[in-house]
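Structure first, commentary second.
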Amino acid sequence: MKLELVKLTDDTYKSQVHDMLDEWNRAGETIFPYAVRKADYHDFDYYINTLEVTEGIDGLVPDSTFFCRDIERNIFVGAINIRHYLNENLLLNGGHMGDGVRPSERRKGVATQMIGLALDECKKLGIDKVLVVCAKENIGSAKSIINNGGELENEVVVNGVVYQRYWIEN
């Protein structure tokens, strides 16, 4: 499977976004990362304009949102959001990136490849040491992080959930 990360700048990938997010909604699951679910994708122009934070205000930091496209099948298989730097909250629980793989594409190595591609984007942003956090119960996510060089620093409990904090030298 050959994957690439794409940013949405117009309606070129509108049908792919609808297809992926409709599938996620039919599955009744929470869509990750948050950046791709925070606005209604049915109003596509507005949706595109809400995908990224450009200024660090109100506890948010600048970020970039990418959709992960399977080039051969021309479908979106997931999405990833990269935070350009960490504030206190993200340092504890959140990290530099959050990702999600659509339900039908899980357990195929998508997350591992997507994180690898996102690490290239982090390099472009000058992020040399990348923090990636996942719930301890999410074994697949932990494996994807470890497969990209993630080293477990510690575990933290936030709102009763145990999170693992991994650092990746980039």
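Identifiers in this document derive from the order of the structure tokens: chains are assigned A, B, ..., residues are numbered from 1 separately in each chain, and ligands are numbered from 1 in order of occurrence.
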Near region 76-98 of chain A, 12 Å: region 134-160 of chain A residue rows, closest pairs, only C-alpha atoms, as a tab-separated table:
```
residue	atom	partner	partner_atom	distance
A:Cys134	CA	A:Gly94	CA	8.1
A:Ala135	CA	A:Asn93	CA	9.7
A:Ser141	CA	A:Gly98	CA	10.4
A:Ile145	CA	A:Met97	CA	10.9
A:Glu153	CA	A:Leu92	CA	11.4
A:Asn154	CA	A:Leu92	CA	10.3
A:Glu155	CA	A:Leu92	CA	9.7
A:Val156	CA	A:Leu92	CA	7.7
A:Val157	CA	A:Asn93	CA	9.0
A:Val158	CA	A:Asn93	CA	7.7
A:Asn159	CA	A:Asn93	CA	10.9
```
Any chance you can output those residues with N, CA, C and O atoms as a short mmCIF file (atom, residue, chain, number, x, y, z; two decimals), in the first residue's frame?
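Writing done, so here's out08.cif:
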```
data_model
loop_
_atom_site.label_atom_id
_atom_site.label_comp_id
_atom_site.auth_asym_id
_atom_site.auth_seq_id
_atom_site.Cartn_x
_atom_site.Cartn_y
_atom_site.Cartn_z
N CYS A 134 -0.70 7.77 23.57
CA CYS A 134 -1.87 6.93 23.27
C CYS A 134 -2.39 6.32 24.57
O CYS A 134 -1.65 6.17 25.54
N ALA A 135 -3.65 5.97 24.56
CA ALA A 135 -4.24 5.27 25.70
C ALA A 135 -3.55 3.92 25.83
O ALA A 135 -3.27 3.24 24.83
N SER A 141 -2.11 1.22 18.53
CA SER A 141 -1.48 2.53 18.43
C SER A 141 -0.08 2.50 19.02
O SER A 141 0.87 3.03 18.43
N ILE A 145 3.54 3.37 17.13
CA ILE A 145 4.49 4.36 17.65
C ILE A 145 5.86 3.70 17.83
O ILE A 145 6.89 4.25 17.41
N GLU A 153 8.38 6.81 27.75
CA GLU A 153 8.95 7.57 28.86
C GLU A 153 8.24 7.24 30.16
O GLU A 153 8.86 6.94 31.16
N ASN A 154 6.90 7.32 30.12
CA ASN A 154 6.13 7.04 31.33
C ASN A 154 4.65 6.90 30.98
O ASN A 154 4.26 6.99 29.82
N GLU A 155 3.88 6.65 32.02
CA GLU A 155 2.43 6.60 31.90
C GLU A 155 1.84 7.66 32.82
O GLU A 155 2.38 7.91 33.91
N VAL A 156 0.77 8.29 32.37
CA VAL A 156 0.07 9.29 33.17
C VAL A 156 -1.41 8.93 33.20
O VAL A 156 -1.92 8.29 32.26
N VAL A 157 -2.09 9.33 34.26
CA VAL A 157 -3.52 9.10 34.36
C VAL A 157 -4.22 10.44 34.21
O VAL A 157 -3.92 11.39 34.95
N VAL A 158 -5.11 10.53 33.25
CA VAL A 158 -5.88 11.75 33.01
C VAL A 158 -7.35 11.36 32.96
O VAL A 158 -7.74 10.53 32.14
N ASN A 159 -8.14 11.93 33.86
CA ASN A 159 -9.57 11.63 33.93
C ASN A 159 -9.83 10.13 34.00
O ASN A 159 -10.74 9.60 33.35
#
```
### Task
Identify all residues of region 7-166 of chain A in strand (DSSP E or B) (DSSP on the backbone) and supply them as a ChimeraX atom specification.
/A:63-70,75-83,95,97-101,129-135,151-158,161-166
#### Entry: Filtered DSSP result for region 92-138 of chain A, state helix (DSSP H, G or I), as number ranges by chain
A: 92, 103-105, 110-124
Write the residues you've just listed into a file as a compact mmCIF listing (two decimals), in the first residue's frame, and include N, CA and C atoms for each of them.
```
# COMPACT_ATOMS: atom_id res chain seq x y z
N LEU A 92 1.76 17.01 28.73
CA LEU A 92 1.27 15.96 29.62
C LEU A 92 0.52 14.89 28.84
N PRO A 103 -12.27 2.77 10.08
CA PRO A 103 -12.53 1.40 10.55
C PRO A 103 -12.14 0.29 9.57
N SER A 104 -12.45 0.43 8.30
CA SER A 104 -12.19 -0.66 7.34
C SER A 104 -10.72 -0.82 6.97
N GLU A 105 -9.87 0.12 7.41
CA GLU A 105 -8.46 0.08 7.03
C GLU A 105 -7.52 -0.26 8.19
N VAL A 110 -1.50 0.86 8.26
CA VAL A 110 -1.72 2.25 7.88
C VAL A 110 -1.15 3.21 8.92
N ALA A 111 -1.44 2.99 10.19
CA ALA A 111 -1.00 3.92 11.23
C ALA A 111 0.52 4.01 11.28
N THR A 112 1.20 2.88 11.14
CA THR A 112 2.66 2.90 11.16
C THR A 112 3.21 3.75 10.02
N GLN A 113 2.69 3.55 8.81
CA GLN A 113 3.14 4.35 7.67
C GLN A 113 2.77 5.82 7.82
N MET A 114 1.56 6.08 8.31
CA MET A 114 1.09 7.45 8.46
C MET A 114 1.95 8.22 9.46
N ILE A 115 2.29 7.58 10.57
CA ILE A 115 3.16 8.23 11.55
C ILE A 115 4.53 8.50 10.94
N GLY A 116 5.05 7.55 10.17
CA GLY A 116 6.33 7.76 9.49
C GLY A 116 6.29 8.96 8.56
N LEU A 117 5.23 9.08 7.80
CA LEU A 117 5.07 10.24 6.91
C LEU A 117 4.93 11.54 7.72
N ALA A 118 4.23 11.46 8.83
CA ALA A 118 4.06 12.65 9.68
C ALA A 118 5.39 13.06 10.31
N LEU A 119 6.24 12.10 10.62
CA LEU A 119 7.56 12.44 11.15
C LEU A 119 8.36 13.26 10.13
N ASP A 120 8.20 12.97 8.85
CA ASP A 120 8.84 13.79 7.82
C ASP A 120 8.32 15.21 7.86
N GLU A 121 7.02 15.37 8.07
CA GLU A 121 6.43 16.71 8.18
C GLU A 121 6.95 17.42 9.44
N CYS A 122 7.12 16.67 10.52
CA CYS A 122 7.67 17.24 11.75
C CYS A 122 9.08 17.78 11.52
N LYS A 123 9.88 17.04 10.76
CA LYS A 123 11.23 17.51 10.42
C LYS A 123 11.18 18.85 9.72
N LYS A 124 10.24 18.98 8.78
CA LYS A 124 10.10 20.25 8.05
C LYS A 124 9.76 21.40 8.99
```
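With only C-alpha atoms as the basis for measurement, A:Leu8 is the residue among A:Met1, A:Val161, A:Leu8, A:Leu125 that approaches Asp45 (chain A) most closely.
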### Query
Neighbours of region 18-22 of chain A within 9 Å (only C-alpha atoms; same-chain residues fewer than 2 positions away dropped), as a list of chain:residue names?
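Result of the neighbour search: A:Tyr13, A:Lys14, A:Ser15, A:Gln16, A:Trp24, A:Asn25, A:Arg26, A:Ala27, A:Ile31, A:Val36, A:Arg37, A:Tyr41, A:His42, A:Ile75, A:Phe76, A:Val77, A:Gly78, A:Arg102, A:Pro103.
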### Query
For Asn49 (chain A), which residue among A:Thr9, A:Asn74, A:Thr30, A:Asn147 is the nearest when counting only C-alpha atoms?
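Comparing A:Thr9, A:Asn74, A:Thr30, A:Asn147 against Asn49 (chain A), the winner is A:Thr9.
Ranking A:Ile168, A:Val162, A:Ile146, A:Leu152 by their shortest atom-to-atom distance to Asp128 (chain A), with only C-alpha atoms included, puts A:Ile168 first.
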### Task
Pick out the residues sitting within 6 Å of Leu3 (chain A), and hand them over as a list in words; count only C-alpha atoms, and ignore anything fewer than 2 positions along from it in its own chain.
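Counting only C-alpha atoms, the residues come to Arg69, Asp70 and Ile71 of chain A.
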